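Trainee: The following block contains the structure, expressed as structure tokens.
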Amino acid sequence: MNQFQESMIKLIVETSTNLPADVRRAVKAAKAKEDQGTRAALSLSTIAENITMAEDNVSPICQDTGMPTFVVHCPVGANQIAMKRDIREAVRMATKDTKLRPNSVDSLTGENSGDNLGAGTPVIHFEQWEKDEIDVRLILKGGGCENKNIQYSLPAQLEGLGKAGRDLDGIRKCILHAVYQAQGQGCSAGFIGVGIGGDRTTGYELAKQQLFRVVDDVNPNEQLAQLEDYILENANKLGIGTMGFGGAVTLLGCKVGVMNRLPASFFVSVAYNCWAYRRQGVLIDSATGGITEWIYTGGSEVSMTEETDVEATEAVLATGGGVIPSAQQGGGNVANEGRVIPLNQGGVDNTASERREIVLQTPITEEQIRQLRVGDVVIINGQMHTGRDALHSYLMDHDAPIDLNGQVIYHCGPVMSKDENGWRVRAAGPTTSIREEPYQGDIIKKFGIRAVIGKGGMGAKTLQALEEHGAVYLNAIGGAAQYYAECFKKVEGVDFMEFGIPEAMWHLQVEGFAAIVTMDSHGNSLHAEVEKNSLEKLAEFKEPVFK
Ligand SMILES: O=C(O)C[C@H](O)C(=O)O
Ligand code: SF4
């Protein structure tokens, strides 16, 4: 087993940087379904571009590399203590090599362990089996989509849908509601794993296990297969769309599992995974520890830039679950030339001709902000300062370390590396903004901030502050961490390193950072609109379907 640790490093790197073939096909199919020039289509182009960049750069697809969760099946007699030690060491090394973001935070002190090791992290499940080989699967599920997981206890009364009873139709309603409540905040279009039954813990576990199924498999339980098809078809009628911008594709996959429950309990647990659905697996020779096969067809098999296999993609090919030899992995066979920057190049409203693209240089004035409207694309040059949960809470009753007047705050926890030339941004997509809702309005006014960039939108309090003060909320494409990292030309400094790398305040020099105005200074919010419309659509699914 002397190669086991090395095999685990390969598994982590592949999972973090190269989205598997079945997931890529689903994203391509979504792209083909959206009308060209719409916000959704442009976002999907940026996502496709980002997937290719991550593969080429061998860098994280999304900066949030999630909770590393390993599921290991091993023969009787295999040394689980040694395997656990090797997995932990592989996690530590992959973090040092910036393939994983340091994501393990002490819940009481807020201290980041810096190496992804800590109480409860990484998660490692062992199961024995009769086979001789070892099967290791890994999922890297980020915190934003994890926050959108939801558990229902039936019977329940659901917004828009009314009563959900303890039967298949009640389950149907819960799942539709789960997609609705996620809106764009879990970086839709997403994938959901559903667990019916169990207790609160095993129900969620079952839901997460479903995420190890390939996107295009068919549930052997006929009733559940029907439910999965129904959900996939109808959740896409909610109109939430990519990043919650509205559109034809909201859900890319639905997998449902069932287990027994207690007479008193009836849980429906839903695990929501963003489009950056990072999971891989390897079969391991239990004598050497070397990789013999990759479990999910590697991403390099499906180019995100060629449109040729769109038709096949539409049908969602039956080959997604194939096994390919390790030699085919990580080949980086996608052409790297002719790269476009999609978000800057098309329209954001219904047609390209209606698009307005505005270039802003920081510091930004109130007058410039007041000219912006929901739907405009803004390109930022100059400076940007990252700030998320720890910083927002801190700024409520402290001064900022720099003058933020006219400045831009980016809700982002980047992956960073440091060498003799200083710090470098390795991955830097937006984080979910709504977490800052209790603070944002006050902070905008207190410091004179003119633009806040994040994803998923913010609420009424922030919208009011934008109007009163003259500021905008810009929505960047969640998960597009490589695409945005390229915009950061220089790290000018950092404050609050004691908050840990993701939570520190990074002062960055930026060029050509494109995002969409989704909340303006005139009281308009695309998020409020999409939420309202999708609730109306949800209510259309009130009548029983599965009797
Ligand atoms: O933590 C992050 O960087 C992002 C997070 O996964 C989110 O979706 O909000
Ligand atoms: S930022 Fe979006 S893509 Fe990245 S982990 Fe969070 S939900 Fe997923």
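By order of appearance in the structure tokens: chains A, B, ..., then residues from 1 within every chain, and ligands from 1 in the order shown.
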Against stretch 292-298 of chain A, which residues of stretch 147-248 of chain A fall within 12 Å? For each one I want the closest pair of atoms and the distance in Å (one decimal), counting only C-alpha atoms, rows by chain and increasing residue number, as a tab-separated table.

Mentor:
```
residue	atom	partner	partner_atom	distance
A:Phe212	CA	A:Tyr296	CA	9.5
A:Arg213	CA	A:Tyr296	CA	9.5
A:Val214	CA	A:Tyr296	CA	7.7
A:Val215	CA	A:Tyr296	CA	10.5
A:Asp216	CA	A:Tyr296	CA	11.9
```

Trainee: Please, could you write that set of residues out with C-alpha atoms as a PDB file, in the first residue's frame?

Mentor:
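Output saved as again.pdb:
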```
ATOM      1  CA  PHE A 212     -22.348   9.630  -6.061  1.00  0.00           C
ATOM      2  CA  ARG A 213     -24.700   8.311  -8.739  1.00  0.00           C
ATOM      3  CA  VAL A 214     -23.950   9.297 -12.324  1.00  0.00           C
ATOM      4  CA  VAL A 215     -26.171  11.992 -13.768  1.00  0.00           C
ATOM      5  CA  ASP A 216     -27.697   9.767 -16.446  1.00  0.00           C
TER       6      ASP A 216
END
```

Trainee: 6 Å from ligand 2 is the threshold here; counting only C-alpha atoms and all ligand atoms, which polymer residues fall inside it? Answer as a list in words.

Mentor: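 What falls inside 6 Å of ligand 2 is Cys62, Asp64, Gly142, Gly143, Gly144, Cys145, Gly186, Cys187, Cys274, Ala276, Thr431, Gly478 and Gly479 of chain A.
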
Trainee: Got a sec: who's within 12 Å of A:Phe126, counting only C-alpha atoms, leaving out chain neighbours fewer than 2 positions off, as a PyMOL selection string?

Mentor: chain A and resi 69-76+78-81+83-84+123-124+128-129+134-137

Trainee: DSSP on the backbone, helix (DSSP H, G or I) only: what residues of stretch 39-109 of chain A does that give? Format it as a ChimeraX atom specification.

Mentor: /A:39-57,80-96

Trainee: Could you take the residues named above and write them with N, CA and C atoms, as a short mmCIF file (atom, residue, chain, number, x, y, z; two decimals), in the first residue's frame?

Mentor:
```
data_model
loop_
_atom_site.label_atom_id
_atom_site.label_comp_id
_atom_site.auth_asym_id
_atom_site.auth_seq_id
_atom_site.Cartn_x
_atom_site.Cartn_y
_atom_site.Cartn_z
N ARG A 39 -29.11 36.26 -20.15
CA ARG A 39 -28.20 36.21 -19.00
C ARG A 39 -27.81 34.78 -18.68
N ALA A 40 -28.81 33.88 -18.74
CA ALA A 40 -28.55 32.49 -18.39
C ALA A 40 -27.53 31.87 -19.35
N ALA A 41 -27.72 32.12 -20.66
CA ALA A 41 -26.81 31.54 -21.65
C ALA A 41 -25.40 32.08 -21.47
N LEU A 42 -25.32 33.38 -21.20
CA LEU A 42 -23.99 33.97 -21.02
C LEU A 42 -23.31 33.44 -19.76
N SER A 43 -24.09 33.24 -18.72
CA SER A 43 -23.52 32.70 -17.49
C SER A 43 -23.02 31.28 -17.73
N LEU A 44 -23.80 30.52 -18.49
CA LEU A 44 -23.37 29.14 -18.77
C LEU A 44 -22.13 29.12 -19.64
N SER A 45 -21.99 30.10 -20.52
CA SER A 45 -20.75 30.18 -21.32
C SER A 45 -19.57 30.47 -20.41
N THR A 46 -19.77 31.35 -19.43
CA THR A 46 -18.69 31.66 -18.49
C THR A 46 -18.34 30.42 -17.68
N ILE A 47 -19.37 29.69 -17.27
CA ILE A 47 -19.16 28.46 -16.50
C ILE A 47 -18.37 27.44 -17.33
N ALA A 48 -18.78 27.30 -18.60
CA ALA A 48 -18.09 26.35 -19.48
C ALA A 48 -16.63 26.74 -19.66
N GLU A 49 -16.42 28.03 -19.83
CA GLU A 49 -15.07 28.57 -19.97
C GLU A 49 -14.24 28.28 -18.72
N ASN A 50 -14.86 28.46 -17.59
CA ASN A 50 -14.18 28.24 -16.31
C ASN A 50 -13.79 26.77 -16.11
N ILE A 51 -14.67 25.89 -16.55
CA ILE A 51 -14.39 24.45 -16.40
C ILE A 51 -13.12 24.10 -17.20
N THR A 52 -13.05 24.66 -18.41
CA THR A 52 -11.87 24.41 -19.25
C THR A 52 -10.61 25.02 -18.64
N MET A 53 -10.75 26.22 -18.12
CA MET A 53 -9.58 26.89 -17.52
C MET A 53 -9.06 26.09 -16.33
N ALA A 54 -9.97 25.59 -15.51
CA ALA A 54 -9.55 24.82 -14.33
C ALA A 54 -8.79 23.58 -14.74
N GLU A 55 -9.28 22.93 -15.78
CA GLU A 55 -8.61 21.72 -16.26
C GLU A 55 -7.21 22.08 -16.79
N ASP A 56 -7.15 23.13 -17.61
CA ASP A 56 -5.86 23.53 -18.20
C ASP A 56 -4.86 23.99 -17.15
N ASN A 57 -5.36 24.76 -16.18
CA ASN A 57 -4.46 25.31 -15.14
C ASN A 57 -4.20 24.32 -14.00
N GLN A 80 -7.44 0.22 8.12
CA GLN A 80 -8.17 1.49 8.01
C GLN A 80 -7.45 2.63 8.72
N ILE A 81 -6.72 2.31 9.74
CA ILE A 81 -5.98 3.37 10.47
C ILE A 81 -4.92 3.97 9.54
N ALA A 82 -4.21 3.08 8.82
CA ALA A 82 -3.17 3.57 7.90
C ALA A 82 -3.80 4.36 6.74
N MET A 83 -4.93 3.88 6.26
CA MET A 83 -5.59 4.58 5.14
C MET A 83 -6.03 5.98 5.57
N LYS A 84 -6.57 6.05 6.78
CA LYS A 84 -7.03 7.33 7.30
C LYS A 84 -5.85 8.31 7.41
N ARG A 85 -4.74 7.79 7.91
CA ARG A 85 -3.54 8.63 8.06
C ARG A 85 -3.10 9.15 6.69
N ASP A 86 -3.09 8.26 5.70
CA ASP A 86 -2.67 8.66 4.34
C ASP A 86 -3.63 9.67 3.73
N ILE A 87 -4.92 9.47 3.94
CA ILE A 87 -5.90 10.42 3.38
C ILE A 87 -5.70 11.79 4.00
N ARG A 88 -5.52 11.82 5.31
CA ARG A 88 -5.32 13.11 5.99
C ARG A 88 -4.06 13.80 5.49
N GLU A 89 -3.01 13.02 5.30
CA GLU A 89 -1.76 13.61 4.81
C GLU A 89 -1.94 14.12 3.37
N ALA A 90 -2.67 13.37 2.57
CA ALA A 90 -2.93 13.80 1.18
C ALA A 90 -3.71 15.11 1.18
N VAL A 91 -4.68 15.23 2.07
CA VAL A 91 -5.47 16.46 2.17
C VAL A 91 -4.55 17.63 2.55
N ARG A 92 -3.69 17.38 3.51
CA ARG A 92 -2.77 18.44 3.95
C ARG A 92 -1.88 18.90 2.79
N MET A 93 -1.34 17.92 2.05
CA MET A 93 -0.43 18.27 0.95
C MET A 93 -1.16 18.97 -0.20
N ALA A 94 -2.36 18.50 -0.50
CA ALA A 94 -3.13 19.14 -1.59
C ALA A 94 -3.51 20.57 -1.20
N THR A 95 -3.71 20.81 0.08
CA THR A 95 -4.04 22.17 0.54
C THR A 95 -2.81 23.07 0.39
N LYS A 96 -1.67 22.52 0.77
CA LYS A 96 -0.42 23.28 0.66
C LYS A 96 -0.15 23.65 -0.80
#
```

Trainee: Once DSSP has gone over the backbone, tell me which residues of stretch 108-304 of chain A are in strand (DSSP E), as a ChimeraX atom specification.

Mentor: /A:123-129,134-141,150-153,156-158,162-164,190-196,251-258,267-273,278-284,291-294

Trainee: Given the selection you just returned, output its residues as a file containing C-alpha atoms, formatted as an mmCIF file, in the first residue's frame.

Mentor:
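Contents of again.cif, freshly written:
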```cif
data_model
loop_
_atom_site.group_PDB
_atom_site.id
_atom_site.type_symbol
_atom_site.label_atom_id
_atom_site.label_comp_id
_atom_site.auth_asym_id
_atom_site.auth_seq_id
_atom_site.Cartn_x
_atom_site.Cartn_y
_atom_site.Cartn_z
ATOM 1 C CA VAL A 123 -14.942 13.375 6.587
ATOM 2 C CA ILE A 124 -13.963 9.738 6.018
ATOM 3 C CA HIS A 125 -16.498 6.876 5.933
ATOM 4 C CA PHE A 126 -15.303 3.259 5.852
ATOM 5 C CA GLU A 127 -17.299 0.227 4.805
ATOM 6 C CA GLN A 128 -16.020 -3.320 4.385
ATOM 7 C CA TRP A 129 -16.911 -5.466 1.415
ATOM 8 C CA ILE A 134 -10.421 -0.711 -2.491
ATOM 9 C CA ASP A 135 -12.950 1.792 -3.821
ATOM 10 C CA VAL A 136 -12.416 5.404 -2.723
ATOM 11 C CA ARG A 137 -14.887 8.101 -3.707
ATOM 12 C CA LEU A 138 -14.524 11.760 -2.965
ATOM 13 C CA ILE A 139 -17.001 14.607 -3.110
ATOM 14 C CA LEU A 140 -16.009 18.256 -2.649
ATOM 15 C CA LYS A 141 -19.291 19.996 -1.907
ATOM 16 C CA ILE A 150 -33.118 21.205 3.491
ATOM 17 C CA GLN A 151 -34.939 18.580 5.515
ATOM 18 C CA TYR A 152 -38.724 18.242 5.679
ATOM 19 C CA SER A 153 -40.691 16.438 8.351
ATOM 20 C CA ALA A 156 -45.882 19.721 6.437
ATOM 21 C CA GLN A 157 -47.419 22.894 5.135
ATOM 22 C CA LEU A 158 -45.319 24.240 2.254
ATOM 23 C CA GLY A 162 -50.046 23.655 0.596
ATOM 24 C CA LYS A 163 -50.179 20.418 2.539
ATOM 25 C CA ALA A 164 -47.539 17.764 1.888
ATOM 26 C CA GLY A 190 -27.826 22.418 -9.547
ATOM 27 C CA PHE A 191 -28.085 18.716 -8.853
ATOM 28 C CA ILE A 192 -30.070 17.284 -5.965
ATOM 29 C CA GLY A 193 -29.760 14.097 -3.974
ATOM 30 C CA VAL A 194 -32.851 13.152 -1.999
ATOM 31 C CA GLY A 195 -33.133 10.747 0.938
ATOM 32 C CA ILE A 196 -36.590 9.510 1.869
ATOM 33 C CA LEU A 251 -31.994 21.707 -12.231
ATOM 34 C CA LEU A 252 -29.497 19.412 -13.941
ATOM 35 C CA GLY A 253 -30.095 16.184 -12.076
ATOM 36 C CA CYS A 254 -32.306 14.574 -9.422
ATOM 37 C CA LYS A 255 -31.490 11.300 -7.654
ATOM 38 C CA VAL A 256 -33.720 9.811 -4.999
ATOM 39 C CA GLY A 257 -32.992 7.035 -2.488
ATOM 40 C CA VAL A 258 -35.262 5.452 0.093
ATOM 41 C CA PHE A 267 -38.167 12.862 6.743
ATOM 42 C CA VAL A 268 -37.430 13.987 3.235
ATOM 43 C CA SER A 269 -33.835 15.221 3.136
ATOM 44 C CA VAL A 270 -32.448 17.113 0.181
ATOM 45 C CA ALA A 271 -28.754 17.685 -0.552
ATOM 46 C CA TYR A 272 -28.336 20.513 -3.041
ATOM 47 C CA ASN A 273 -25.161 20.542 -5.117
ATOM 48 C CA ARG A 278 -17.014 17.798 -7.999
ATOM 49 C CA ARG A 279 -16.909 14.091 -7.370
ATOM 50 C CA GLN A 280 -14.553 11.374 -8.487
ATOM 51 C CA GLY A 281 -13.533 7.923 -7.427
ATOM 52 C CA VAL A 282 -10.752 5.423 -7.877
ATOM 53 C CA LEU A 283 -10.292 1.686 -7.626
ATOM 54 C CA ILE A 284 -7.138 0.846 -5.750
ATOM 55 C CA ILE A 291 -4.863 3.412 -8.903
ATOM 56 C CA THR A 292 -6.164 0.735 -11.279
ATOM 57 C CA GLU A 293 -9.216 2.565 -12.603
ATOM 58 C CA TRP A 294 -11.093 5.850 -12.364
#
```

Trainee: Would you kindly return, as a PyMOL selection string, each protein, DNA or RNA residue with an atom no farther than 10 Å from any atom of stretch 414-417 of chain A, considering only C-alpha atoms and excluding same-chain residues fewer than 2 positions away?

Mentor: chain A and resi 59-60+62-65+95-102+386+411-412+419+422-431+481+485+491+501-504+506

Trainee: From the set A:Ile443, A:Leu508, A:Ile477, A:Val27, which residue has the shortest atom-to-atom contact distance to ligand 1, counting only C-alpha atoms and all ligand atoms?

Mentor: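 Among the listed residues, A:Ile477 lies closest to ligand 1.
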
Trainee: Applying 10 Å and only C-alpha atoms, which residues near A:Ile402 remain after dropping the ones on its own chain fewer than 6 positions away? List them as a list of chain:residue names.

Mentor: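 Here the qualifying residues turn out to be A:His385, A:Phe447, A:Asp495, A:His507.
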
Trainee: Here is a test: counting only C-alpha atoms, which residue of A:Phe245, A:Tyr277, A:Phe513, A:Tyr180 is nearest to A:Gly160?

Mentor: A:Tyr180

Trainee: Report as a list of chain:residue names all protein, DNA and RNA residues lying within 9 Å of stretch 529-535 of chain A, evaluated on only C-alpha atoms, omitting residues in the same chain fewer than 5 positions from it.

Mentor: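 Residues meeting the cut-off are A:Glu159, A:Gly160, A:Tyr180, A:Gln181, A:Gln183, A:Lys237, A:Leu238, A:Gly239, A:Ile240, A:Gly244, A:Phe245, A:Gly246, A:Asn524, A:Glu540.
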
Trainee: Near A:Gly289, counting only C-alpha atoms, which residues have an atom at most 9 Å away, once you skip same-chain residues fewer than 4 positions from it, shown as a PyMOL selection string?

Mentor: chain A and resi 1-7+134+284-285

Trainee: Save the residues we just selected, N, CA and C atoms, as a compact mmCIF listing (two decimals), in the first residue's frame?

Mentor:
```txt
# COMPACT_ATOMS: atom_id res chain seq x y z
N MET A 1 0.83 -1.23 0.00
CA MET A 1 0.00 0.00 0.00
C MET A 1 0.85 1.27 0.00
N ASN A 2 2.13 1.16 -0.43
CA ASN A 2 2.97 2.35 -0.31
C ASN A 2 2.61 3.46 -1.30
N GLN A 3 1.75 3.12 -2.29
CA GLN A 3 1.34 4.19 -3.24
C GLN A 3 0.01 4.85 -2.84
N PHE A 4 -0.57 4.40 -1.74
CA PHE A 4 -1.94 4.85 -1.42
C PHE A 4 -2.03 6.37 -1.23
N GLN A 5 -1.06 6.93 -0.51
CA GLN A 5 -1.11 8.38 -0.26
C GLN A 5 -1.03 9.18 -1.56
N GLU A 6 -0.13 8.75 -2.43
CA GLU A 6 0.03 9.40 -3.73
C GLU A 6 -1.28 9.28 -4.54
N SER A 7 -1.91 8.11 -4.46
CA SER A 7 -3.18 7.91 -5.17
C SER A 7 -4.24 8.87 -4.65
N ILE A 134 -9.92 -1.82 -3.32
CA ILE A 134 -10.42 -0.71 -2.49
C ILE A 134 -11.08 0.30 -3.43
N ILE A 284 -8.52 0.93 -6.22
CA ILE A 284 -7.14 0.85 -5.75
C ILE A 284 -6.74 -0.62 -5.59
N ASP A 285 -5.55 -0.94 -6.06
CA ASP A 285 -4.97 -2.26 -5.83
C ASP A 285 -4.61 -2.37 -4.34
```

Trainee: Determine the nearest neighbour of ligand 1 from the options A:Leu161, A:Met243, A:Ala451, A:Ala207, counting only C-alpha atoms and all ligand atoms.

Mentor: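 Among the listed residues, A:Met243 lies closest to ligand 1.
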
Trainee: So the first atom is atom CA of A:Phe499 and the second is atom CA of A:Met8; what is the distance between them in Å, to one decimal place?

Mentor: 28.9 Å

Trainee: Distance atom CA of A:Phe496-atom CA of A:Asn103, one decimal place?

Mentor: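 About the pair atom CA of A:Phe496 and atom CA of A:Asn103: they are 16.4 Å apart.
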